[in-house]
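Dropping my_file.tsv in here (TSV, C-alpha atoms and all ligand atoms):
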chain	number	residue	atom	x	y	z
A	931	MET	CA	115.05	90.37	92.87
A	932	HIS	CA	114.26	91.60	96.37
A	933	SER	CA	113.48	95.15	97.40
A	934	THR	CA	115.86	96.67	99.86
A	935	ALA	CA	114.94	99.45	102.24
A	936	PRO	CA	117.16	102.47	102.79
A	937	LEU	CA	118.90	102.26	106.15
A	938	ALA	CA	117.22	105.50	107.23
A	939	ILE	CA	113.96	103.68	108.06
A	940	ALA	CA	114.30	101.70	111.28
A	941	ARG	CA	112.71	98.26	111.35
A	942	ALA	CA	111.92	95.81	114.12
A	943	LEU	CA	110.77	92.44	112.87
A	944	PRO	CA	108.13	90.80	115.07
A	945	THR	CA	109.22	87.65	116.88
A	946	ARG	CA	105.81	86.09	116.33
A	947	ALA	CA	103.17	86.81	113.68
A	948	VAL	CA	99.78	85.46	112.67
A	949	VAL	CA	99.01	85.15	108.95
A	950	THR	CA	95.41	84.65	107.84
A	951	GLY	CA	94.92	83.14	104.39
A	952	ALA	CA	98.21	81.28	104.96
A	953	ALA	CA	97.42	78.57	102.39
A	954	GLY	CA	96.81	81.10	99.61
A	955	PHE	CA	99.10	82.60	96.98
A	956	LEU	CA	100.22	85.67	98.92
A	957	GLY	CA	99.74	84.15	102.39
A	958	SER	CA	102.00	81.17	101.73
A	959	HIS	CA	104.78	83.41	100.37
A	960	LEU	CA	104.45	85.68	103.38
A	961	CYS	CA	104.69	82.78	105.85
A	962	GLN	CA	107.74	81.43	104.04
A	963	ALA	CA	109.50	84.82	104.00
A	964	LEU	CA	108.73	85.50	107.68
A	965	LEU	CA	110.05	82.07	108.71
A	966	ALA	CA	113.19	82.66	106.64
A	967	GLN	CA	113.73	85.90	108.57
A	968	GLY	CA	113.45	84.14	111.94
A	969	VAL	CA	109.83	85.03	112.79
A	970	ASP	CA	107.62	82.35	114.42
A	971	VAL	CA	104.41	82.07	112.41
A	972	VAL	CA	100.88	80.90	113.14
A	973	GLY	CA	99.04	80.45	109.85
A	974	VAL	CA	95.28	80.04	109.58
A	975	ASP	CA	93.24	79.15	106.52
A	976	ARG	CA	89.93	77.47	105.79
A	977	ARG	CA	91.61	75.31	103.13
A	978	ASP	CA	93.12	72.25	104.75
A	979	PRO	CA	96.44	71.21	103.12
A	980	GLU	CA	95.62	67.58	104.01
A	981	THR	CA	92.72	67.61	101.57
A	982	HIS	CA	93.08	70.68	99.35
A	983	ARG	CA	95.60	70.34	96.50
A	984	THR	CA	96.44	74.02	96.01
A	985	ALA	CA	96.81	74.55	99.76
A	986	ALA	CA	99.15	71.55	99.95
A	987	LEU	CA	101.27	72.81	97.04
A	988	ASN	CA	101.42	76.34	98.43
A	989	LEU	CA	102.51	75.16	101.87
A	990	ALA	CA	104.80	72.31	100.76
A	991	ALA	CA	108.04	74.16	101.57
A	992	ILE	CA	107.10	75.16	105.13
A	993	ARG	CA	104.53	72.72	106.42
A	994	HIS	CA	106.99	70.80	108.55
A	995	ASP	CA	108.98	73.78	109.76
A	996	PRO	CA	108.91	73.51	113.58
A	997	ARG	CA	108.43	77.30	113.88
A	998	PHE	CA	105.29	77.17	111.73
A	999	ILE	CA	101.94	76.28	113.27
A	1000	PHE	CA	99.15	75.79	110.76
A	1001	VAL	CA	95.54	75.88	111.92
A	1002	THR	CA	92.67	74.92	109.64
A	1003	GLY	CA	89.92	77.37	110.50
A	1004	ASP	CA	87.23	79.48	108.89
A	1005	LEU	CA	87.37	83.04	110.20
A	1006	ARG	CA	83.60	83.32	109.78
A	1007	ALA	CA	83.13	80.91	112.67
A	1008	CYS	CA	86.36	79.62	114.26
A	1009	ALA	CA	87.75	80.66	117.64
A	1010	ILE	CA	90.18	83.49	116.77
A	1011	GLU	CA	91.51	84.59	120.17
A	1012	PRO	CA	93.48	81.36	120.83
A	1013	LEU	CA	95.53	82.12	117.68
A	1014	LEU	CA	96.69	85.51	118.92
A	1015	PRO	CA	98.62	85.33	122.23
A	1016	GLY	CA	102.19	86.52	121.77
A	1017	ALA	CA	101.56	87.83	118.26
A	1018	GLU	CA	103.04	91.27	117.60
A	1019	VAL	CA	101.50	91.50	114.13
A	1020	VAL	CA	98.49	89.97	112.42
A	1021	PHE	CA	98.75	89.92	108.63
A	1022	HIS	CA	95.16	89.59	107.41
A	1023	LEU	CA	95.32	88.14	103.89
A	1024	ALA	CA	92.38	85.72	104.08
A	1025	GLY	CA	89.59	86.63	101.72
A	1026	ILE	CA	87.85	85.84	98.48
A	1027	PRO	CA	89.80	87.44	95.61
A	1028	GLY	CA	88.92	87.83	91.94
A	1029	VAL	CA	86.70	90.42	90.29
A	1030	HIS	CA	84.41	88.51	87.96
A	1031	PRO	CA	82.72	85.87	90.20
A	1032	SER	CA	81.65	88.59	92.64
A	1033	TRP	CA	78.76	89.60	90.33
A	1034	GLY	CA	77.10	86.21	90.71
A	1035	ALA	CA	76.06	83.63	93.24
A	1036	ASP	CA	79.38	83.90	95.09
A	1037	PHE	CA	78.57	87.41	96.31
A	1038	ASP	CA	77.42	86.23	99.75
A	1039	ASP	CA	80.76	84.47	100.21
A	1040	TYR	CA	82.63	87.71	99.36
A	1041	VAL	CA	80.60	89.61	101.95
A	1042	ALA	CA	80.97	86.89	104.60
A	1043	CYS	CA	84.71	86.31	104.11
A	1044	ASN	CA	85.90	89.81	103.24
A	1045	ILE	CA	83.68	91.82	105.58
A	1046	SER	CA	81.96	89.76	108.29
A	1047	ALA	CA	85.01	87.58	109.00
A	1048	THR	CA	87.14	90.74	109.19
A	1049	GLN	CA	84.76	92.17	111.79
A	1050	ARG	CA	85.21	89.01	113.91
A	1051	LEU	CA	88.98	89.22	113.49
A	1052	MET	CA	89.10	92.90	114.47
A	1053	HIS	CA	87.08	92.25	117.64
A	1054	ALA	CA	89.59	89.57	118.66
A	1055	VAL	CA	92.68	91.55	117.63
A	1056	THR	CA	91.62	94.69	119.50
A	1057	ARG	CA	90.40	92.79	122.58
A	1058	LEU	CA	93.78	91.06	122.86
A	1059	ARG	CA	95.59	94.33	122.10
A	1060	VAL	CA	97.71	92.96	119.25
A	1061	PRO	CA	99.99	95.93	118.44
A	1062	ARG	CA	99.73	95.83	114.61
A	1063	LEU	CA	97.33	94.58	111.93
A	1064	VAL	CA	98.28	94.67	108.25
A	1065	VAL	CA	95.29	94.07	105.97
A	1066	ALA	CA	95.34	93.08	102.29
A	1067	SER	CA	93.34	95.64	100.34
A	1068	SER	CA	93.27	96.02	96.58
A	1069	SER	CA	93.94	98.34	93.66
A	1070	SER	CA	90.37	97.62	92.65
A	1071	VAL	CA	89.09	100.14	95.22
A	1072	TYR	CA	90.20	102.94	92.85
A	1073	GLY	CA	88.26	101.81	89.78
A	1074	SER	CA	90.12	102.76	86.62
A	1075	ALA	CA	93.21	105.01	86.80
A	1076	ASN	CA	92.42	108.06	84.72
A	1077	GLY	CA	95.63	108.94	82.91
A	1078	ARG	CA	97.73	109.26	86.06
A	1079	PRO	CA	98.83	106.94	88.86
A	1080	SER	CA	96.29	106.39	91.66
A	1081	SER	CA	97.26	107.89	94.97
A	1082	GLU	CA	95.93	106.84	98.38
A	1083	THR	CA	94.05	110.14	98.77
A	1084	ASP	CA	92.09	109.66	95.50
A	1085	HIS	CA	88.35	109.24	95.82
A	1086	PRO	CA	87.65	105.48	95.62
A	1087	ARG	CA	85.40	104.35	92.75
A	1088	PRO	CA	85.07	100.56	93.11
A	1089	ALA	CA	83.68	99.07	89.87
A	1090	SER	CA	82.72	95.59	91.05
A	1091	PRO	CA	81.09	93.93	94.06
A	1092	TYR	CA	84.52	92.46	94.92
A	1093	ALA	CA	86.07	95.93	94.97
A	1094	VAL	CA	83.23	97.20	97.17
A	1095	THR	CA	83.94	94.43	99.71
A	1096	LYS	CA	87.69	95.21	99.70
A	1097	LEU	CA	87.02	98.91	100.31
A	1098	ALA	CA	84.60	97.96	103.10
A	1099	GLU	CA	87.19	95.57	104.56
A	1100	GLU	CA	90.03	98.10	104.78
A	1101	GLN	CA	87.72	100.85	106.07
A	1102	LEU	CA	86.27	98.47	108.66
A	1103	CYS	CA	89.78	97.78	110.00
A	1104	LEU	CA	90.56	101.50	110.04
A	1105	ALA	CA	87.25	102.26	111.82
A	1106	HIS	CA	88.18	99.80	114.60
A	1107	ALA	CA	91.62	101.40	114.78
A	1108	ALA	CA	90.11	104.87	115.25
A	1109	ARG	CA	88.21	103.86	118.41
A	1110	PRO	CA	89.79	105.57	121.43
A	1111	GLU	CA	90.12	102.26	123.29
A	1112	CYS	CA	91.94	100.56	120.38
A	1113	ASP	CA	95.67	99.85	120.84
A	1114	THR	CA	96.15	98.24	117.42
A	1115	THR	CA	97.79	100.16	114.56
A	1116	VAL	CA	96.17	99.29	111.22
A	1117	VAL	CA	98.03	99.43	107.90
A	1118	ALA	CA	95.98	98.70	104.76
A	1119	LEU	CA	98.05	97.68	101.73
A	1120	ARG	CA	96.44	98.15	98.34
A	1121	TYR	CA	98.15	95.48	96.25
A	1122	PHE	CA	98.17	95.84	92.45
A	1123	THR	CA	97.73	92.56	90.45
A	1124	VAL	CA	100.40	90.36	92.01
A	1125	TYR	CA	102.09	87.63	89.94
A	1126	GLY	CA	104.91	85.12	90.31
A	1127	PRO	CA	105.33	81.52	91.47
A	1128	ARG	CA	102.09	80.02	92.90
A	1129	GLN	CA	99.91	82.71	91.29
A	1130	ARG	CA	96.21	81.75	91.41
A	1131	GLU	CA	95.05	79.70	88.45
A	1132	ASP	CA	92.28	82.18	87.57
A	1133	MET	CA	94.75	85.02	87.00
A	1134	PHE	CA	95.90	86.19	83.60
A	1135	ILE	CA	99.66	85.61	83.69
A	1136	GLN	CA	99.25	82.10	85.11
A	1137	ARG	CA	96.67	81.26	82.42
A	1138	LEU	CA	98.86	82.76	79.72
A	1139	LEU	CA	101.98	80.85	80.72
A	1140	THR	CA	99.94	77.65	81.09
A	1141	ALA	CA	98.57	78.19	77.58
A	1142	ALA	CA	102.10	78.75	76.25
A	1143	THR	CA	103.34	75.52	77.76
A	1144	THR	CA	100.31	73.32	76.94
A	1145	GLY	CA	99.46	74.71	73.51
A	1146	GLN	CA	95.86	75.36	74.59
A	1147	ALA	CA	94.22	78.72	73.85
A	1148	VAL	CA	93.82	81.46	76.41
A	1149	THR	CA	90.73	83.66	76.50
A	1150	LEU	CA	91.43	87.37	76.17
A	1151	TYR	CA	88.61	89.46	77.62
A	1152	GLY	CA	88.42	92.84	75.90
A	1153	ASN	CA	90.83	94.27	73.35
A	1154	GLY	CA	94.05	93.58	75.25
A	1155	LYS	CA	94.75	97.30	75.62
A	1156	GLN	CA	93.78	97.26	79.29
A	1157	THR	CA	96.80	97.87	81.51
A	1158	ARG	CA	97.74	96.51	84.92
A	1159	ASP	CA	100.47	97.59	87.31
A	1160	PHE	CA	101.74	94.01	87.67
A	1161	THR	CA	103.61	93.51	90.96
A	1162	TYR	CA	106.06	90.67	91.50
A	1163	VAL	CA	105.21	88.57	94.55
A	1164	ASP	CA	108.58	88.93	96.31
A	1165	ASP	CA	108.24	92.71	96.04
A	1166	ALA	CA	104.68	92.60	97.42
A	1167	ILE	CA	105.85	90.42	100.30
A	1168	ALA	CA	108.81	92.72	101.06
A	1169	ALA	CA	106.36	95.64	101.35
A	1170	THR	CA	104.08	93.55	103.56
A	1171	ILE	CA	106.85	92.61	105.98
A	1172	ALA	CA	108.00	96.23	106.06
A	1173	ALA	CA	104.41	97.26	106.93
A	1174	GLY	CA	104.63	94.93	109.93
A	1175	SER	CA	108.11	96.08	110.98
A	1176	VAL	CA	108.32	99.85	110.54
A	1177	ARG	CA	106.94	102.35	113.06
A	1178	LEU	CA	103.73	103.74	111.50
A	1179	SER	CA	100.39	105.32	112.34
A	1180	HIS	CA	97.14	104.06	110.83
A	1181	CYS	CA	97.45	104.37	107.06
A	1182	VAL	CA	96.69	103.11	103.56
A	1183	ILE	CA	99.64	102.32	101.26
A	1184	ASN	CA	99.77	101.38	97.56
A	1185	VAL	CA	101.92	98.38	96.65
A	1186	GLY	CA	102.40	98.49	92.87
A	1187	GLY	CA	104.95	97.13	90.44
A	1188	GLY	CA	106.19	100.37	88.91
A	1189	GLY	CA	103.87	101.18	85.99
A	1190	GLY	CA	101.08	99.86	83.83
A	1191	THR	CA	101.64	97.23	81.12
A	1192	ALA	CA	99.03	96.41	78.47
A	1193	LEU	CA	97.91	92.77	78.21
A	1194	HIS	CA	99.10	92.73	74.58
A	1195	ASP	CA	102.62	93.47	75.77
A	1196	VAL	CA	102.36	90.76	78.43
A	1197	ILE	CA	101.34	88.31	75.70
A	1198	ASP	CA	104.34	89.35	73.58
A	1199	GLN	CA	106.59	88.91	76.59
A	1200	ALA	CA	105.21	85.41	77.27
A	1201	GLN	CA	105.80	84.45	73.64
A	1202	ARG	CA	109.38	85.73	73.77
A	1203	LEU	CA	110.12	83.89	77.01
A	1204	THR	CA	108.60	80.58	75.92
A	1205	HIS	CA	109.50	80.80	72.20
A	1206	ARG	CA	105.91	79.73	71.50
A	1207	LYS	CA	103.01	81.36	69.65
A	1208	ILE	CA	100.06	81.59	72.05
A	1209	SER	CA	96.60	81.16	70.57
A	1210	LEU	CA	94.02	83.62	71.80
A	1211	LYS	CA	90.25	83.33	72.00
A	1212	SER	CA	88.58	86.75	72.05
A	1213	GLU	CA	85.66	87.52	74.33
A	1214	ASN	CA	84.01	90.78	75.33
A	1215	ALA	CA	85.42	92.62	78.33
A	1216	ARG	CA	83.75	91.54	81.56
A	1217	SER	CA	81.87	93.93	83.84
A	1218	GLY	CA	84.01	95.46	86.53
A	1219	ASP	CA	87.22	94.84	84.57
A	1220	VAL	CA	88.84	98.28	84.70
A	1221	ALA	CA	90.73	99.80	81.77
A	1222	ALA	CA	93.86	100.69	83.71
A	1223	THR	CA	95.56	100.36	87.07
A	1224	CYS	CA	98.69	102.23	88.02
A	1225	ALA	CA	100.05	102.89	91.50
A	1226	ASP	CA	101.59	106.04	92.85
A	1227	THR	CA	104.11	104.46	95.24
A	1228	THR	CA	105.38	107.67	96.84
A	1229	THR	CA	103.81	106.75	100.20
A	1230	ALA	CA	105.38	103.29	100.19
A	1231	GLN	CA	108.77	104.83	99.46
A	1232	GLY	CA	108.42	107.44	102.20
A	1233	THR	CA	106.92	105.29	104.95
A	1234	LEU	CA	108.29	101.81	104.28
A	1235	GLY	CA	111.45	102.64	102.35
A	1236	TRP	CA	110.07	100.31	99.70
A	1237	THR	CA	110.17	100.41	95.94
A	1238	PRO	CA	109.39	97.57	93.53
A	1239	ALA	CA	112.57	95.91	92.28
A	1240	THR	CA	111.47	93.29	89.75
A	1241	ARG	CA	110.88	93.91	86.05
A	1242	LEU	CA	108.00	92.06	84.40
A	1243	GLU	CA	110.32	90.01	82.20
A	1244	GLU	CA	112.33	88.85	85.20
A	1245	GLY	CA	109.24	88.04	87.26
A	1246	MET	CA	107.49	86.15	84.46
A	1247	SER	CA	110.65	84.19	83.85
A	1248	ALA	CA	110.73	83.19	87.56
A	1249	GLN	CA	107.07	82.14	87.32
A	1250	LEU	CA	107.87	80.01	84.26
A	1251	ASN	CA	110.80	78.36	86.03
A	1252	TRP	CA	108.57	77.55	88.99
A	1253	MET	CA	105.96	76.01	86.65
A	1254	ALA	CA	108.68	73.88	85.05
A	1255	SER	CA	109.98	72.70	88.44
A	1256	ARG	CA	106.43	71.79	89.48
A	1257	ARG	CA	106.02	69.73	86.28
A	1258	SER	CA	109.34	67.93	86.85
A	1259	ALA	CA	108.36	67.17	90.47
A	1260	SER	CA	105.02	65.68	89.38
A	1261	ILE	CA	106.72	63.60	86.64
A	1262	ALA	CA	109.27	62.36	89.21
A	1263	ARG	CA	106.42	61.22	91.51
A	1264	VAL	CA	104.77	59.08	88.77
A	1301	LIG	P1	94.15	83.25	97.52
A	1301	LIG	O1	92.76	82.82	97.19
A	1301	LIG	O2	95.27	82.49	96.93
A	1301	LIG	O3	94.33	83.28	99.11
A	1301	LIG	C1	93.30	83.65	99.99
A	1301	LIG	C2	93.23	82.59	101.09
A	1301	LIG	O4	92.25	83.02	102.05
A	1301	LIG	C3	92.78	81.23	100.56
A	1301	LIG	O5	93.72	80.23	100.89
A	1301	LIG	C4	91.44	81.01	101.26
A	1301	LIG	O6	91.18	79.64	101.60
A	1301	LIG	C5	91.57	81.88	102.50
A	1301	LIG	N1	90.26	82.27	103.04
A	1301	LIG	C6	89.24	82.86	102.37
A	1301	LIG	N2	88.20	83.04	103.20
A	1301	LIG	C7	88.57	82.55	104.42
A	1301	LIG	C8	87.93	82.44	105.67
A	1301	LIG	N3	86.67	82.84	105.85
A	1301	LIG	N4	88.61	81.90	106.71
A	1301	LIG	C9	89.88	81.43	106.53
A	1301	LIG	N5	90.54	81.49	105.37
A	1301	LIG	C10	89.89	82.06	104.32
A	1301	LIG	O7	94.25	84.81	97.15
A	1301	LIG	P2	95.52	85.76	97.02
A	1301	LIG	O8	95.68	86.12	95.61
A	1301	LIG	O9	96.65	85.20	97.80
A	1301	LIG	O10	94.98	87.06	97.78
A	1301	LIG	C11	95.22	87.26	99.17
A	1301	LIG	C12	94.58	88.56	99.61
A	1301	LIG	O11	95.14	89.64	98.89
A	1301	LIG	C13	93.07	88.63	99.37
A	1301	LIG	O12	92.50	89.32	100.45
A	1301	LIG	C14	92.94	89.45	98.09
A	1301	LIG	O13	91.73	90.15	98.04
A	1301	LIG	C15	94.11	90.39	98.25
A	1301	LIG	N6	94.65	90.87	96.96
A	1301	LIG	C16	95.26	90.00	96.10
A	1301	LIG	C17	95.78	90.49	94.91
A	1301	LIG	C18	96.46	89.59	93.92
A	1301	LIG	O14	96.85	90.10	92.86
A	1301	LIG	N7	96.64	88.31	94.19
A	1301	LIG	C19	95.69	91.86	94.61
A	1301	LIG	C20	95.04	92.69	95.51
A	1301	LIG	C21	94.55	92.19	96.70
A	1302	LIG	C1	93.79	90.93	90.30
A	1302	LIG	C2	93.31	89.89	91.30
A	1302	LIG	O1	92.70	88.79	90.62
A	1302	LIG	C3	92.34	90.49	92.30
A	1302	LIG	O2	92.06	89.54	93.30
A	1302	LIG	C4	92.98	91.71	92.89
A	1302	LIG	O3	92.18	92.32	93.82
A	1302	LIG	C5	93.33	92.72	91.80
A	1302	LIG	O4	94.28	92.09	90.94
A	1302	LIG	C6	93.96	93.97	92.35
A	1302	LIG	O5	94.92	94.48	91.78
A	1302	LIG	O6	93.46	94.48	93.34
A	1302	LIG	P1	93.00	91.65	87.95
A	1302	LIG	O7	93.80	92.88	87.80
A	1302	LIG	O8	91.69	91.58	87.25
A	1302	LIG	O9	92.70	91.28	89.46
A	1302	LIG	O10	94.00	90.46	87.52
A	1302	LIG	P2	93.82	89.21	86.57
A	1302	LIG	O11	92.72	88.35	87.09
A	1302	LIG	O12	95.15	88.60	86.39
A	1302	LIG	O13	93.33	89.89	85.19
A	1302	LIG	C7	94.14	90.86	84.52
A	1302	LIG	C8	93.49	91.19	83.19
A	1302	LIG	O14	93.50	90.02	82.38
A	1302	LIG	C9	92.03	91.61	83.30
A	1302	LIG	O15	91.77	92.60	82.36
A	1302	LIG	C10	91.26	90.34	82.94
A	1302	LIG	O16	90.00	90.54	82.35
A	1302	LIG	C11	92.20	89.72	81.92
A	1302	LIG	N1	92.06	88.25	81.82
A	1302	LIG	C12	92.11	87.48	82.94
A	1302	LIG	C13	91.87	87.68	80.57
A	1302	LIG	O17	91.81	88.38	79.55
A	1302	LIG	N2	91.75	86.33	80.48
A	1302	LIG	C14	91.80	85.52	81.58
A	1302	LIG	O18	91.68	84.28	81.44
A	1302	LIG	C15	92.00	86.10	82.84

Starting from the coordinates I provided, produce the structure as structure tokens.
Amino acid sequence: MHSTAPLAIARALPTRAVVTGAAGFLGSHLCQALLAQGVDVVGVDRRDPETHRTAALNLAAIRHDPRFIFVTGDLRACAIEPLLPGAEVVFHLAGIPGVHPSWGADFDDYVACNISATQRLMHAVTRLRVPRLVVASSSSVYGSANGRPSSETDHPRPASPYAVTKLAEEQLCLAHAARPECDTTVVALRYFTVYGPRQREDMFIQRLLTAATTGQAVTLYGNGKQTRDFTYVDDAIAATIAAGSVRLSHCVINVGGGGGTALHDVIDQAQRLTHRKISLKSENARSGDVAATCADTTTAQGTLGWTPATRLEEGMSAQLNWMASRRSASIARV
């Protein structure tokens, strides 16, 4: 299920890396994969696994690994420089994700965590001359794909406040990188709707598979014809590690799963995998929810030697297995 890079692209794994957002969906997978490849990892997150259930679950497999140091800290205010000595790469995944809540009262949090905290991080990273920063950007910066895959040179058309903050975040990192005194290379990865074990509970595939296993209904916003270029988490993480290991200049790179799939087809797939009929509750499409995303991954292939390797059926099946193992573990604890 893992992507493999052609031998032609030389890689040098860092010996030590910092991962922000380490207790999150993508961050926890990244820490785990880096540790498995022999990299020492400092993870930072504002969610404390001692008190936050999702953070504890996400970090369960690595929390006691002696090569993993976890620091509870909020990048809006915490001391960042003490996290960085010896780090060859900072993977900046901390942020507030999710399109819909960004229209409302949470907007200030999006700005503070996705933009202002990134500014603090970039000051620290460039002052300490960390060689590489990889930042988590988003497919949402494109707006809707218009009949062809989105390429990194397309004019961005963010359709939600969230997307505006993600565009600002990646461009802020790149603006720091362009300063003559900056020694840090910045790589912005535009991830396309990532799914798999530990996916966030607000995301569609997780809600759908939960509905299939509990018998509760899932809300479908819009007509179900909207498409997403769903990307399996191991593939996204392989691209992320490559972005921290391959010689590169400042750049933006799409990380997409290999083509758009309509939500209706994802629902069919979930029903086939679970042998259950899923009940749907229809609601109007929500503002900022784009009709289609689809990644042109030519740049990722050329620069990282990366292509997505996991079909949706395979990835959803792995997510289902993980959900089942989580249920068995919680039954065993009772
Ligand atoms: P997540 O919510 O599971 O993880 C984000 C983590 O960042 C959380 O653990 C959160 O506590 C932490 N965080 C937020 N603000 C912080 C702060 N100020 N200081 C310290 N920690 C902070 O989300 P995710 O799905 O893993 O997404 C990770 C990153 O990837 C985000 O930047 C998101 O915008 C981006 N992204 C995700 C997807 C996706 O499909 N999951 C797609 C595109 C981009
Ligand atoms: C996802 C992530 O949530 C964002 O954080 C990320 O930035 C973005 O991918 C990205 O690619 O950049 P999204 O594509 O909206 O955003 O992913 P989901 O939240 O899983 O939603 C997918 C589709 O399902 C959307 O059309 C959404 O409206 C729909 N949906 C979601 C439902 O119909 N019902 C739900 O309960 C949840």

(request) List the neighbours of Tyr1040 in chain A out to 9 Å using only C-alpha atoms; skip same-chain residues closer than 2 positions along the sequence, and give me the result as an NGL selection string. (result) :A and (1025-1027 or 1032 or 1036-1038 or 1042-1045 or 1091-1092 or 1095)

Would you export the selected residues with C-alpha atoms as a PDB file, keeping the file's coordinate frame, please?
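Saved file out_32.pdb follows:
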ATOM      1  CA  GLY A1025      89.590  86.630 101.720  1.00  0.00           C
ATOM      2  CA  ILE A1026      87.850  85.840  98.480  1.00  0.00           C
ATOM      3  CA  PRO A1027      89.800  87.440  95.610  1.00  0.00           C
ATOM      4  CA  SER A1032      81.650  88.590  92.640  1.00  0.00           C
ATOM      5  CA  ASP A1036      79.380  83.900  95.090  1.00  0.00           C
ATOM      6  CA  PHE A1037      78.570  87.410  96.310  1.00  0.00           C
ATOM      7  CA  ASP A1038      77.420  86.230  99.750  1.00  0.00           C
ATOM      8  CA  ALA A1042      80.970  86.890 104.600  1.00  0.00           C
ATOM      9  CA  CYS A1043      84.710  86.310 104.110  1.00  0.00           C
ATOM     10  CA  ASN A1044      85.900  89.810 103.240  1.00  0.00           C
ATOM     11  CA  ILE A1045      83.680  91.820 105.580  1.00  0.00           C
ATOM     12  CA  PRO A1091      81.090  93.930  94.060  1.00  0.00           C
ATOM     13  CA  TYR A1092      84.520  92.460  94.920  1.00  0.00           C
ATOM     14  CA  THR A1095      83.940  94.430  99.710  1.00  0.00           C
TER      15      THR A1095
END

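Each of A:Pro1110, A:Gly1028, A:Pro1061, A:Gly1154 was checked against ligand LIG 1302 (chain A) using only C-alpha atoms and all ligand atoms; the smallest atom-to-atom distance is that of A:Gly1028.
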
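A distance cut-off of 9 Å around (97.9, 80.5, 119.2), counting all atoms listed in the file, selects these protein and nucleic acid residues: Val948, Val972, Ile999, Val1001, Ile1010, Glu1011, Pro1012, Leu1013, Leu1014, Pro1015, Gly1016 and Ala1017 of chain A.
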
(request) Write out as an MDAnalysis selection string each polymer residue whose atoms come within 7 Å of range 1192-1198 of chain A, counting only C-alpha atoms; drop sequence neighbours fewer than 5 positions from it. (result) chainID A and resid 1154:1158

(request) Work out how far apart CA of Cys1103 in chain A and CA of Tyr1121 in chain A are and give it in Å to one decimal. (result) 16.3 Å

(message) Just want the 9 Å neighbourhood of range 1238-1246 of chain A, counted on all atoms listed in the file, with same-chain residues fewer than 2 positions away dropped. Output as number ranges by chain.
(response) A: 931-934, 1125-1127, 1135, 1139, 1160-1166, 1168-1169, 1185-1188, 1191, 1196, 1199-1200, 1203, 1227, 1236, 1248-1251

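Note that the spacing between CA of Ala1147 in chain A and CA of Arg1257 in chain A amounts to 19.4 Å.
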
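If you measure from each of A:Pro1079, A:Gly1190, A:Gly973, A:Pro944 to ligand LIG 1301 (chain A) using all atoms listed in the file, the closest one turns out to be A:Gly973.
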
(message) Could you list the protein, DNA and RNA residues that have any atom within 7 Å of ligand LIG 1302 (chain A), counting only C-alpha atoms and all ligand atoms, and write them as a PyMOL selection string?
(response) chain A and resi 1027-1029+1068-1070+1120-1124+1132-1135+1137+1148-1152+1156+1158+1193+1215-1216+1219-1220

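Of the residues listed (A:Arg941, A:Arg1062, A:His1022, A:His1030), A:His1022 shows the shortest atom-to-atom separation from ligand LIG 1301 (chain A); distances use all atoms listed in the file.
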
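Excluding Ser1179 in chain A itself and any same-chain residue fewer than 3 positions from it, the protein and nucleic acid residues within 8 Å of it, counting all atoms listed in the file, are Thr1115, Val1116 and Val1117 of chain A.
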
(request) Compare A:Leu960, A:Ala942, A:Ala1035, A:Val1019 by their minimum atom-to-atom distance to Phe998 in chain A, counting all atoms listed in the file, and give me the closest one. (result) A:Leu960

(message) When you look at Gly951 in chain A with a cut-off of 7 Å (counting only C-alpha atoms), what residues show up, excluding the ones that are within fewer than 2 positions of it in the same chain? I need them as a PyMOL selection string.
(response) chain A and resi 949+953-954+957+974-975+1023-1025

For the selection you just gave me, I'd like the residues written to a file as a PDB file, in the frame of the given file, keeping C-alpha atoms.
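Ended up saving to selection_22.pdb:
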ATOM      1  CA  VAL A 949      99.010  85.150 108.950  1.00  0.00           C
ATOM      2  CA  ALA A 953      97.420  78.570 102.390  1.00  0.00           C
ATOM      3  CA  GLY A 954      96.810  81.100  99.610  1.00  0.00           C
ATOM      4  CA  GLY A 957      99.740  84.150 102.390  1.00  0.00           C
ATOM      5  CA  VAL A 974      95.280  80.040 109.580  1.00  0.00           C
ATOM      6  CA  ASP A 975      93.240  79.150 106.520  1.00  0.00           C
ATOM      7  CA  LEU A1023      95.320  88.140 103.890  1.00  0.00           C
ATOM      8  CA  ALA A1024      92.380  85.720 104.080  1.00  0.00           C
ATOM      9  CA  GLY A1025      89.590  86.630 101.720  1.00  0.00           C
TER      10      GLY A1025
END

Counting only C-alpha atoms, note down every residue that has an atom within 7 Å of the point (100.0, 83.9, 96.6) (file coordinates), as an mmCIF file with C-alpha atoms, in the frame of the given file.
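Full text of selection11.cif as output:
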data_model
loop_
_atom_site.group_PDB
_atom_site.id
_atom_site.type_symbol
_atom_site.label_atom_id
_atom_site.label_comp_id
_atom_site.auth_asym_id
_atom_site.auth_seq_id
_atom_site.Cartn_x
_atom_site.Cartn_y
_atom_site.Cartn_z
ATOM 1 C CA GLY A 954 96.810 81.100 99.610
ATOM 2 C CA PHE A 955 99.100 82.600 96.980
ATOM 3 C CA LEU A 956 100.220 85.670 98.920
ATOM 4 C CA GLY A 957 99.740 84.150 102.390
ATOM 5 C CA SER A 958 102.000 81.170 101.730
ATOM 6 C CA HIS A 959 104.780 83.410 100.370
ATOM 7 C CA ARG A 1128 102.090 80.020 92.900
ATOM 8 C CA GLN A 1129 99.910 82.710 91.290
ATOM 9 C CA ARG A 1130 96.210 81.750 91.410
#

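Remark: for ligand LIG 1301 (chain A), the closest of the candidate residues A:Ala1075, A:Leu1234, A:Leu1051, A:Val1060 is A:Leu1051 (distances computed over only C-alpha atoms and all ligand atoms).
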